[in-house]
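Undergrad: Input: one structure, supplied below.
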Amino acid sequence: MNRILQVFCILFSALILSLGLPNELYTFGSPVYGLISLIPFYLACRNLKGYGEGAILFGLHAVTVHLISSYWLSFFKDFAVVTLGASALYTAVIAFCAGLLFYLPFSRKTKAFNLEQFSTQKESFSICGKVLWFATVYIIYEWLKSCGFVGYPWGTLSGTMFRWKIISQIADITGTYGISFLSAVFAAFVAEGIYLFYTLPHRENSNTAASQYARLSLAVFSLFALTFVYGTFRLLEPVKPEKYINAIIVQQNADPWKQDTDNNTILTSQRLTTEKLAEAKEKGQKIDLVIWSEGCLKYSYPIAENHYKNYPLEKSVANFIKECKIPFILGGTYIRGNLGPGRKLFNAAFLFDKNGEFRGFYGKNHLVPMAESIPFSEYPPVANFLKKVIHISAGFTPGDQYTFFEIPASSSESALLPITETISLKESLSAQKRKKDEPPYVKISTPICFDDSFPDICGPLRKYGSETFINITDDSWSKTKASEMQHFVNSSFRTIEYRISMARSCNSGYSVVLDSKGNIISDLPLFEEAAAIVKIPVYKWKSTVYLRLGNWLPHTAALFALFLIIYTYLVKDRNVLVFSERKKLRKISRKYIKKRGGL
C-alpha cells in the first residue's frame with residue numbers, strides 16, 4: 001500500500017469512528033460505525049516497514065479522532081490551546097508509543113516482526129495472531145489514555161456502543177475495555193477477510209490461508225455468540241428494586257460564562273422546584289430529595305453559610321429548603337483551612353437537611369486536567385498568570401475522602417420482608433409504631449461531573465457501600481449535543497459495571513435516570529430550563545467481577561505485550577522465526593548432523 005493510500009485509510013477510519021461516537025447527527029452514537037471504523041486503519045497498518053511508520057500512523061489516527069470528536073473543548077473560554085491542544089498532544093504521545101508495538105524486532109537474524117510477518121511455530125497462528133495483536137495493542141492504548149491525572153476516556157470504541165445493550169452487558173466483567181476489544185477484533189477480522197479475498201489467487205499457500213481464516217471465523221463467531229448469550233441473559237434477568245428515591249432533578253440551563261452572580265440561577269432552580277413540588281402534591285407523591293446541578297452556588301462554604309441564609313433577597317437558599325421540608329443536594333465550592341498557602345478549595349456537592357442546615361460535602365476527586373487543575377498552580381506567580389492572562393482560576397484541590405450521604409427514601413412494593421421479626425415489650429407501643437413507620441435510608445455517593453467517567457473513582461464508592469450514584473454536572477459551556485452526550489454515554493457504563501442505578505442532574509443536560517442495565521428510565525431535553533419528578537431505583541448491593549478485579553483485561557493485555565517484547569529481546573538464538581527462516585535452519589541442522597555422523 002503506497003503512502004498516500006495509507007494516510008487516506010487512516011483519516012477515513014478516524015472519520016468513521018468520530019461519526020460512531022455521540023455527535024450532532026447521531027445523538028447516542030452509531031454502533032455500526034463503531035464496529036467498522038477500524039477496518040481501514042487495520043489495512044493501513046498491515047504492511048508496516050518500520051517502527052516509525054506504525055507510530056506515526058497510529059498517532060495520526062488518534063489525533064484526528066480527538067480533534068473531530070472533541071472539537072467542543074475549544075469552547076472552554078479562551079483556554080482552547082490548553083483544553084484541546086494539550087489533550088490532543090497527550091493523546092498523540094500515547095498513540096505514538098502504542099504504534100511502536102505494531103513493529104517489533106524478533107531477532108538479530110530476522111529483520112523485523114510486524115503484522116504482515118506475525119507467525120510462530122505453527123503457520124496457522126499467523127492470521128489469528130495478527131487479529132489478536134491488533135486488538136491487544138488497541139485496548140492498551142485506550143487504557144493508557146484513560147488513566148492518570150490527564151486521563152481522557154472520550155473517543156473510545158466503547159463510546160459508540162451505548163445503543164447495543166446486549167453487547168454492553170459484558171462491562172460488569174471486563175469494563176468498557178471488553179467492548180472495545182470485541183469491536184477491534186471484529187474490524188481486524190473483516191479487514192483480514194478483505195485482504196485475503198484480493199490476495200488469495202496470488203498466494204502459493206492459498207489452501208493454508210483459507211483454512212486459517214476459517215478457524216479465525218469460528219473463533220470470532222464463538223466470541224460474539226458468548227457475548228450475545230450473556231447479554232441476553234443479563235437483560236432478561238428480573239431485577240427488582242428494594243427501595244426508591246422519589247426525587248426532583250433540576251436543569252436550570254444557565255450560561256456559566258454570563259453569570260456574574262448566582263442570583264438568577266438560584267431563582268430559576270427555586271421556581272422549577274416549586275412547580276414540581278406542586279405537581280407532586282397534586283398527585284399525592286412524596287418527594288425524598290431535590291437535586292440541583294454542579295456549581296449552582298458560587299460562593300464558598302463554610303464562609304458563605306450565613307450569606308445563603310439571607311440570599312437571594314426574594315427567598316434565601318436556607319429558607320427555601322426549610323419551607324420545602326426536603327433534603328437538598330446542591331453543587332458549590334468548599335474551602336478548608338485559612339485563606340493562605342494551606343488553603344484547599346474543593347469543587348463540591350453539598351447536603352442540606354430538611355431544615356435548611358448544611359450537613360457536609362463531597363469533594364470532586366478527579367479534576368479536569370488543565371482546567372480545574374493545572375500543575376504548579378498552587379504557586380502565586382503561576383496562579384496570577386493564569387488569572388490575569390488566561391482569565392481562569394485553577395486552584396481546585398482533589399477530594400481526599402470518599403464521602404457518602406445517607407438520606408430517607410421510600411419502600412418498594414417488591415421489597416421482601418425480613419425473615420425474622422422481634423416484637424418486644426421492653427419498648428412502649430408508641431416507640432414500636434414509630435420504629436415501624438421510620439422510612440428506609442439509602443447510602444448515596446455524588447460523583448461530580450468528570451468523576452462519573454472514571455471507574456477508579458466510582459469503583460471505590462461502590463465498594464465502600466454506595467447504593468446509587470447521583471451525579472451533578474455542568475457541561476453547558478460546550479454548547480453542543482456532542483459534549484453532553486459523550487459525557488453521558490461514558491458515565492452510563494458505570495451502571496452496568498457495578499449493577500447500580502444512577503441519576504444525573506445537569507445544568508443543561510443530559511439529566512437522566514438509569515437502571516442497573518444502563519437503560520434510560522426518565523430524562524430531560526438538552527439545553528432547556530426543565531425539571532422532573534423521577535423515581536430512582538435502589539437495588540440490593542451485590543458485587544460484580546469488574547468491581548472485584550478492576551481493569552484486569554487491559555492489565556492482562558499489557559502483561560502479554562511486555563512478555564512478548566522481553567521474549568523477543570532475551571530469547572535471541574531460540575527465537576520464533578518466520579516460516580522461511582525455520583526451513584533454512586532445519587536444512588543447516590541436517591547438514592551439521594550428517595557431517596558429524598549422526599546423533
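Residue numbers start at 1 in each chain; chains themselves are named A, B, ... in the order of the C-alpha cells; ligands are numbered from 1 in the order shown.
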What's the 8 Å shell around region 90-94 of chain A, counting only C-alpha atoms, without same-chain residues fewer than 3 positions away, as a list in words?

TA: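 The filter keeps Gly59, Leu60, Ala62, Val63, His66, Ala86, Ser87, Cys97, Ala98, Tyr141, Leu144, Lys145 and Val150 of chain A.
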
Undergrad: Pick out the residues sitting within 8 Å of region 68-74 of chain A, and hand them over as a ChimeraX atom specification; count only C-alpha atoms, and ignore anything fewer than 5 positions along from it in its own chain.

TA: /A:15,18-19,21,23,79-81,83-84,154-155,478-480,482-483

Undergrad: Could you list, as a ChimeraX atom specification, every residue within 10 Å of Val442 (chain A), counting only C-alpha atoms and ignoring same-chain residues fewer than 2 positions away?

TA: /A:243-245,404-410,439-440,444-445,465-468,538

Undergrad: Using the selection just defined, write its residues with N, CA, C and O atoms as an mmCIF file, in the first residue's frame.

TA:
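Writing done, so here's result.cif:
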data_model
loop_
_atom_site.group_PDB
_atom_site.id
_atom_site.type_symbol
_atom_site.label_atom_id
_atom_site.label_comp_id
_atom_site.auth_asym_id
_atom_site.auth_seq_id
_atom_site.Cartn_x
_atom_site.Cartn_y
_atom_site.Cartn_z
ATOM 1 N N LYS A 243 -35.655 -0.380 47.254
ATOM 2 C CA LYS A 243 -36.127 0.935 47.709
ATOM 3 C C LYS A 243 -36.180 1.873 46.511
ATOM 4 O O LYS A 243 -35.666 1.555 45.439
ATOM 5 N N TYR A 244 -36.774 3.024 46.730
ATOM 6 C CA TYR A 244 -36.803 4.082 45.718
ATOM 7 C C TYR A 244 -36.454 5.410 46.368
ATOM 8 O O TYR A 244 -36.777 5.638 47.542
ATOM 9 N N ILE A 245 -35.824 6.266 45.599
ATOM 10 C CA ILE A 245 -35.699 7.671 45.992
ATOM 11 C C ILE A 245 -36.602 8.464 45.055
ATOM 12 O O ILE A 245 -36.353 8.516 43.844
ATOM 13 N N PHE A 404 -20.117 9.806 51.760
ATOM 14 C CA PHE A 404 -21.442 9.289 51.426
ATOM 15 C C PHE A 404 -22.504 10.077 52.180
ATOM 16 O O PHE A 404 -22.275 10.522 53.305
ATOM 17 N N PHE A 405 -23.646 10.240 51.547
ATOM 18 C CA PHE A 405 -24.797 10.874 52.188
ATOM 19 C C PHE A 405 -25.855 9.802 52.419
ATOM 20 O O PHE A 405 -26.175 9.037 51.507
ATOM 21 N N GLU A 406 -26.398 9.765 53.626
ATOM 22 C CA GLU A 406 -27.457 8.801 53.940
ATOM 23 C C GLU A 406 -28.765 9.571 54.062
ATOM 24 O O GLU A 406 -28.895 10.445 54.926
ATOM 25 N N ILE A 407 -29.703 9.264 53.194
ATOM 26 C CA ILE A 407 -30.939 10.039 53.132
ATOM 27 C C ILE A 407 -32.158 9.117 53.231
ATOM 28 O O ILE A 407 -32.094 7.946 52.859
ATOM 29 N N PRO A 408 -33.274 9.650 53.722
ATOM 30 C CA PRO A 408 -34.505 8.835 53.776
ATOM 31 C C PRO A 408 -35.040 8.590 52.381
ATOM 32 O O PRO A 408 -34.917 9.422 51.485
ATOM 33 N N ALA A 409 -35.634 7.423 52.191
ATOM 34 C CA ALA A 409 -36.158 7.040 50.877
ATOM 35 C C ALA A 409 -37.566 6.465 51.044
ATOM 36 O O ALA A 409 -38.202 6.639 52.089
ATOM 37 N N SER A 410 -38.021 5.784 50.038
ATOM 38 C CA SER A 410 -39.353 5.162 50.065
ATOM 39 C C SER A 410 -39.218 3.667 49.846
ATOM 40 O O SER A 410 -38.359 3.217 49.070
ATOM 41 N N PRO A 439 -38.796 5.632 57.725
ATOM 42 C CA PRO A 439 -38.519 5.313 56.318
ATOM 43 C C PRO A 439 -37.179 4.584 56.192
ATOM 44 O O PRO A 439 -36.296 4.726 57.050
ATOM 45 N N PRO A 440 -37.009 3.801 55.131
ATOM 46 C CA PRO A 440 -35.699 3.193 54.889
ATOM 47 C C PRO A 440 -34.715 4.288 54.465
ATOM 48 O O PRO A 440 -35.119 5.323 53.915
ATOM 49 N N ILE A 444 -25.966 7.091 49.536
ATOM 50 C CA ILE A 444 -25.682 7.532 48.168
ATOM 51 C C ILE A 444 -24.291 8.165 48.082
ATOM 52 O O ILE A 444 -23.739 8.631 49.076
ATOM 53 N N SER A 445 -23.737 8.170 46.881
ATOM 54 C CA SER A 445 -22.499 8.904 46.606
ATOM 55 C C SER A 445 -22.774 9.873 45.472
ATOM 56 O O SER A 445 -23.678 9.653 44.655
ATOM 57 N N GLY A 465 -19.857 0.912 49.725
ATOM 58 C CA GLY A 465 -21.250 0.818 50.152
ATOM 59 C C GLY A 465 -22.250 1.708 49.468
ATOM 60 O O GLY A 465 -23.429 1.713 49.857
ATOM 61 N N SER A 466 -21.861 2.457 48.443
ATOM 62 C CA SER A 466 -22.837 3.310 47.771
ATOM 63 C C SER A 466 -23.940 2.464 47.139
ATOM 64 O O SER A 466 -23.671 1.502 46.421
ATOM 65 N N GLU A 467 -25.191 2.857 47.391
ATOM 66 C CA GLU A 467 -26.333 2.110 46.856
ATOM 67 C C GLU A 467 -26.854 2.711 45.553
ATOM 68 O O GLU A 467 -27.594 2.058 44.823
ATOM 69 N N THR A 468 -26.495 3.947 45.282
ATOM 70 C CA THR A 468 -26.817 4.574 43.997
ATOM 71 C C THR A 468 -25.867 5.743 43.775
ATOM 72 O O THR A 468 -25.321 6.304 44.729
ATOM 73 N N VAL A 538 -33.330 1.664 43.794
ATOM 74 C CA VAL A 538 -32.182 1.278 44.620
ATOM 75 C C VAL A 538 -32.213 -0.232 44.762
ATOM 76 O O VAL A 538 -33.152 -0.793 45.334
#

Undergrad: Leaving out region 186-194 of chain A and any residue of its chain fewer than 6 positions from it, which residues lie within 6 Å of it when counting only C-alpha atoms, given as a list in words?

TA: Ile36, Leu38, Ile39 and Val131 of chain A

Undergrad: Using only C-alpha atoms, which residue out of A:Ala210, A:Leu564, A:Ile423, A:Cys324 lies closest to Lys281 (chain A)?

TA: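 Counting only C-alpha atoms, the residue closest to Lys281 (chain A) is A:Cys324.
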
Undergrad: Give me, as number ranges by chain, all polymer residues having an atom no more than 6 Å from region 298-300 of chain A, counting only C-alpha atoms and skipping those fewer than 4 positions away in the same chain.

TA: A: 262, 304, 333-334

Undergrad: Keeping only all heavy atoms, take the residues you just selected and write them out as a PDB file, in the first residue's frame.

TA:
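The new file again.pdb reads:
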ATOM      1  N   ASP A 262     -24.918  34.290  41.291  1.00  0.00           N
ATOM      2  CA  ASP A 262     -25.763  33.094  41.173  1.00  0.00           C
ATOM      3  C   ASP A 262     -27.229  33.393  41.464  1.00  0.00           C
ATOM      4  O   ASP A 262     -28.036  32.483  41.632  1.00  0.00           O
ATOM      5  CB  ASP A 262     -25.257  31.981  42.093  1.00  0.00           C
ATOM      6  CG  ASP A 262     -25.091  32.455  43.539  1.00  0.00           C
ATOM      7  OD1 ASP A 262     -25.543  33.581  43.848  1.00  0.00           O
ATOM      8  OD2 ASP A 262     -24.516  31.704  44.348  1.00  0.00           O
ATOM      9  N   ALA A 304     -19.653  31.176  53.314  1.00  0.00           N
ATOM     10  CA  ALA A 304     -20.885  31.736  52.755  1.00  0.00           C
ATOM     11  C   ALA A 304     -22.146  31.184  53.402  1.00  0.00           C
ATOM     12  O   ALA A 304     -23.253  31.458  52.924  1.00  0.00           O
ATOM     13  CB  ALA A 304     -20.923  31.471  51.255  1.00  0.00           C
ATOM     14  N   THR A 333     -18.756  25.280  46.016  1.00  0.00           N
ATOM     15  CA  THR A 333     -17.337  25.127  46.358  1.00  0.00           C
ATOM     16  C   THR A 333     -17.183  25.182  47.874  1.00  0.00           C
ATOM     17  O   THR A 333     -17.973  25.845  48.572  1.00  0.00           O
ATOM     18  CB  THR A 333     -16.474  26.229  45.711  1.00  0.00           C
ATOM     19  OG1 THR A 333     -16.966  27.521  46.102  1.00  0.00           O
ATOM     20  CG2 THR A 333     -16.499  26.121  44.200  1.00  0.00           C
ATOM     21  N   TYR A 334     -16.173  24.489  48.352  1.00  0.00           N
ATOM     22  CA  TYR A 334     -15.922  24.424  49.789  1.00  0.00           C
ATOM     23  C   TYR A 334     -14.458  24.752  50.049  1.00  0.00           C
ATOM     24  O   TYR A 334     -13.572  24.247  49.342  1.00  0.00           O
ATOM     25  CB  TYR A 334     -16.258  23.036  50.332  1.00  0.00           C
ATOM     26  CG  TYR A 334     -16.210  22.956  51.838  1.00  0.00           C
ATOM     27  CD1 TYR A 334     -17.352  23.198  52.599  1.00  0.00           C
ATOM     28  CD2 TYR A 334     -15.028  22.640  52.504  1.00  0.00           C
ATOM     29  CE1 TYR A 334     -17.318  23.131  53.989  1.00  0.00           C
ATOM     30  CE2 TYR A 334     -14.988  22.580  53.894  1.00  0.00           C
ATOM     31  CZ  TYR A 334     -16.135  22.821  54.631  1.00  0.00           C
ATOM     32  OH  TYR A 334     -16.105  22.764  56.007  1.00  0.00           O
TER      33      TYR A 334
END

Undergrad: Quick one: everything within 12 Å of Cys296 (chain A), counting only C-alpha atoms, minus sequence neighbours fewer than 2 positions away in the same chain. Send it as a PDB file with C-alpha atoms, in the first residue's frame.

TA:
ATOM      1  CA  VAL A 250     -33.495  20.357  38.203  1.00  0.00           C
ATOM      2  CA  GLN A 251     -31.910  21.581  34.983  1.00  0.00           C
ATOM      3  CA  GLN A 252     -31.638  25.389  35.170  1.00  0.00           C
ATOM      4  CA  ASN A 253     -29.772  25.841  31.838  1.00  0.00           C
ATOM      5  CA  ALA A 254     -27.724  28.867  32.983  1.00  0.00           C
ATOM      6  CA  ASP A 255     -24.700  30.069  30.999  1.00  0.00           C
ATOM      7  CA  PRO A 256     -21.750  29.970  33.433  1.00  0.00           C
ATOM      8  CA  GLN A 259     -23.487  34.803  35.233  1.00  0.00           C
ATOM      9  CA  THR A 261     -23.717  36.184  40.424  1.00  0.00           C
ATOM     10  CA  ASP A 262     -25.763  33.094  41.173  1.00  0.00           C
ATOM     11  CA  ASN A 263     -28.949  35.067  41.841  1.00  0.00           C
ATOM     12  CA  ASN A 264     -30.742  34.134  38.603  1.00  0.00           C
ATOM     13  CA  THR A 265     -29.528  30.537  38.738  1.00  0.00           C
ATOM     14  CA  ILE A 266     -30.899  30.074  42.258  1.00  0.00           C
ATOM     15  CA  LEU A 267     -34.205  31.774  41.498  1.00  0.00           C
ATOM     16  CA  THR A 268     -34.685  29.680  38.355  1.00  0.00           C
ATOM     17  CA  SER A 269     -33.911  26.495  40.296  1.00  0.00           C
ATOM     18  CA  GLN A 270     -36.351  27.531  43.034  1.00  0.00           C
ATOM     19  CA  ILE A 291     -31.063  17.750  43.309  1.00  0.00           C
ATOM     20  CA  TRP A 292     -29.578  20.886  41.735  1.00  0.00           C
ATOM     21  CA  SER A 293     -26.600  20.780  39.398  1.00  0.00           C
ATOM     22  CA  GLU A 294     -22.865  21.319  39.797  1.00  0.00           C
ATOM     23  CA  LYS A 298     -20.939  30.483  43.502  1.00  0.00           C
ATOM     24  CA  TYR A 299     -19.822  31.489  46.992  1.00  0.00           C
ATOM     25  CA  SER A 300     -17.783  29.058  49.058  1.00  0.00           C
ATOM     26  CA  VAL A 317     -31.497  29.259  49.879  1.00  0.00           C
ATOM     27  CA  ILE A 329     -28.119  18.203  47.172  1.00  0.00           C
ATOM     28  CA  LEU A 330     -26.535  21.287  45.594  1.00  0.00           C
ATOM     29  CA  GLY A 331     -23.291  21.972  43.755  1.00  0.00           C
ATOM     30  CA  GLY A 332     -20.864  24.604  45.024  1.00  0.00           C
ATOM     31  CA  THR A 333     -17.337  25.127  46.358  1.00  0.00           C
ATOM     32  CA  ASN A 347     -15.469  21.522  43.770  1.00  0.00           C
ATOM     33  CA  ALA A 348     -18.181  20.104  45.992  1.00  0.00           C
ATOM     34  CA  ALA A 349     -21.604  18.536  46.355  1.00  0.00           C
ATOM     35  CA  PHE A 350     -23.425  19.833  49.458  1.00  0.00           C
ATOM     36  CA  ILE A 472     -24.204  16.619  39.320  1.00  0.00           C
ATOM     37  CA  THR A 473     -22.637  18.129  36.200  1.00  0.00           C
ATOM     38  CA  ASP A 474     -22.215  21.378  34.281  1.00  0.00           C
ATOM     39  CA  SER A 505     -28.821  16.393  37.396  1.00  0.00           C
ATOM     40  CA  CYS A 506     -27.016  18.672  34.946  1.00  0.00           C
ATOM     41  CA  ASN A 507     -27.106  22.393  34.308  1.00  0.00           C
ATOM     42  CA  SER A 508     -28.033  21.998  30.631  1.00  0.00           C
TER      43      SER A 508
END

Undergrad: Separation of CA of Tyr198 (chain A) and CA of Val65 (chain A), in Å?

TA: 28.6 Å

Undergrad: Write down as number ranges by chain the residues of region 293-489 of chain A whose backbone DSSP state falls under strand (DSSP E).

TA: A: 328-336, 344-352, 358-363, 405-408, 410-411, 441-445, 468-473

Undergrad: Nearest to Ile127 (chain A) among A:Ala214, A:Leu43, A:Ile139, A:Ile536, with distances taken over only C-alpha atoms: which residue is it?

TA: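 Under the stated criterion, the closest residue is A:Ala214.
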
Undergrad: Just want the 9 Å neighbourhood of Ala247 (chain A), counted on only C-alpha atoms, with same-chain residues fewer than 5 positions away dropped. Output as a list in words.

TA: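 Skipping anything fewer than 5 positions along the chain leaves Lys286, Ile287, Asp288, Leu289, Val290, Ile291, Ala532, Ile533, Val534, Lys535 and Ile536 of chain A.
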